[in-house]
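> To start, I am sharing the structure in question, which I have written as C-alpha cells.
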Amino acid sequence: MGILDPAAVDAGLAGSAWERQGDEIVRRWKGRDFAAAMVFVNHVASLAEEMGHHPDIDIRWNEVTLRLTTHDAGGLTAADLALARRIDASA
C-alpha cells in the first residue's frame, strides 16, 4: 500500500473530525466520563480488528485521542483514511 501525498490526505479528511499532524491523522473524542470513553475505545478496537489496521490510543479519563498511520509503510495510506471514515460513521 502506497503512502498518500499530503493533498490526498487533506482531501480525504475534508469535513471530518480528523486533522493531519505530520505522518499521522489525529482525532480527539470526549465523553461524559471514563466509562463512556472505554465504550468508545472498545468500539474503535472492534472496527480496527475487522479492518486489520490499528490506531494508537491515548485515554485520559473521559478524553480519547486516536492516532492513525501505517507504520510498516512509513506514513499515511488509504487504510488510515478508510478506518477514520469507519470510526466517524459509527461514533
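Chain lettering (A, B, ...) mirrors the order of the C-alpha cells, residue numbering begins at 1 for each chain separately, and ligand numbering begins at 1 in order of display.
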Where in stretch 7-62 of chain A does DSSP assign strand (DSSP E or B), given as a compact mmCIF listing (two decimals) with N, CA, C and O atoms, in the first residue's frame?

```txt
# COMPACT_ATOMS: atom_id res chain seq x y z
N GLU A 19 -7.53 15.53 11.91
CA GLU A 19 -6.58 16.52 11.40
C GLU A 19 -5.24 15.83 11.13
O GLU A 19 -4.86 14.89 11.83
N ARG A 20 -4.57 16.29 10.11
CA ARG A 20 -3.27 15.72 9.77
C ARG A 20 -2.20 16.38 10.63
O ARG A 20 -2.15 17.59 10.76
N GLN A 21 -1.36 15.56 11.24
CA GLN A 21 -0.21 16.04 12.01
C GLN A 21 1.00 15.24 11.55
O GLN A 21 1.23 14.12 12.01
N GLU A 24 0.75 11.37 10.64
CA GLU A 24 -0.39 10.78 11.34
C GLU A 24 -1.63 11.62 11.08
O GLU A 24 -1.54 12.80 10.76
N ILE A 25 -2.79 10.97 11.27
CA ILE A 25 -4.02 11.73 11.39
C ILE A 25 -4.52 11.51 12.81
O ILE A 25 -4.36 10.42 13.38
N VAL A 26 -5.10 12.56 13.39
CA VAL A 26 -5.43 12.56 14.81
C VAL A 26 -6.87 13.00 15.00
O VAL A 26 -7.34 13.93 14.34
N ARG A 27 -7.55 12.31 15.91
CA ARG A 27 -8.91 12.70 16.29
C ARG A 27 -9.02 12.63 17.80
O ARG A 27 -8.55 11.68 18.43
N ARG A 28 -9.66 13.63 18.37
CA ARG A 28 -9.93 13.64 19.81
C ARG A 28 -11.43 13.47 20.01
O ARG A 28 -12.23 14.03 19.28
N TRP A 29 -11.77 12.68 21.02
CA TRP A 29 -13.17 12.41 21.35
C TRP A 29 -13.31 12.60 22.85
O TRP A 29 -12.44 12.19 23.62
N LYS A 30 -14.41 13.23 23.26
CA LYS A 30 -14.65 13.47 24.68
C LYS A 30 -16.01 12.93 25.06
O LYS A 30 -17.03 13.26 24.44
N ASP A 56 -3.11 4.10 17.38
CA ASP A 56 -2.52 4.33 18.69
C ASP A 56 -3.60 5.07 19.48
O ASP A 56 -4.22 6.02 18.96
N ILE A 57 -3.84 4.63 20.71
CA ILE A 57 -4.93 5.17 21.52
C ILE A 57 -4.39 5.69 22.84
O ILE A 57 -3.70 4.96 23.55
N ASP A 58 -4.75 6.93 23.17
CA ASP A 58 -4.40 7.53 24.46
C ASP A 58 -5.70 7.85 25.18
O ASP A 58 -6.57 8.55 24.62
N ILE A 59 -5.85 7.35 26.40
CA ILE A 59 -7.07 7.56 27.19
C ILE A 59 -6.70 8.39 28.42
O ILE A 59 -5.82 8.02 29.18
N ARG A 60 -7.40 9.50 28.58
CA ARG A 60 -7.22 10.38 29.74
C ARG A 60 -8.60 10.64 30.35
O ARG A 60 -9.31 11.54 29.92
```
> Within 12 Å of A:Ala45, counting only C-alpha atoms, which residues qualify if same-chain residues fewer than 5 places away don't, as a list of chain:residue names?
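Result of the neighbour search: A:Met38, A:Val39, A:Phe40, A:Glu50, A:Met51, A:Gly52, A:His53, A:His54, A:Pro55, A:Asp56, A:Ile57, A:Leu66, A:Leu83, A:Arg86, A:Ile87.
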> How would you write, as a PyMOL selection string, the set of residues in chain A that DSSP gives as helix (DSSP H, G or I)?
chain A and resi 6-13+34-51+78-90
> Take atom CA of A:Ala82 and atom CA of A:Ala8 and report the distance between them in Å, one decimal.
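Separating atom CA of A:Ala82 from atom CA of A:Ala8 is a distance of 12.8 Å.
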> Compile a residue-level contact table for stretch 21-71 of chain A against stretch 76-80 of chain A at a cut-off of 6 Å, reporting for every qualifying residue the shortest atom pair and its distance in Å to one decimal, with only C-alpha atoms counted, rows ordered by chain and ascending number, as a Markdown table.

```
| residue | atom | partner | partner_atom | distance |
| --- | --- | --- | --- | --- |
| A:Asp23 | CA | A:Leu76 | CA | 5.9 |
| A:Leu68 | CA | A:Asp80 | CA | 5.8 |
| A:Thr69 | CA | A:Leu76 | CA | 5.1 |
| A:Thr70 | CA | A:Leu76 | CA | 5.6 |
```
> Would you work out the distance separating atom CA of A:Ala17 from atom CA of A:Ala73, expressed in Å to one decimal?
23.6 Å
> Please determine, counting only C-alpha atoms, which residue among A:Arg85, A:Asp33, A:Gly74, A:Ala91 has the shortest atom-to-atom distance to A:Gly2.
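That would be A:Gly74, the residue with the smallest distance to A:Gly2.
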> What does the structure give for the distance between atom CA of A:Asp5 and atom CA of A:His43, in Å to one decimal?
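We find that atom CA of A:Asp5 and atom CA of A:His43 lie 29.1 Å from each other.
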> So, counting only C-alpha atoms, which residue among A:Val41, A:Gly12, A:Ile3, A:Ala35 is closest to A:Thr65?
A:Val41
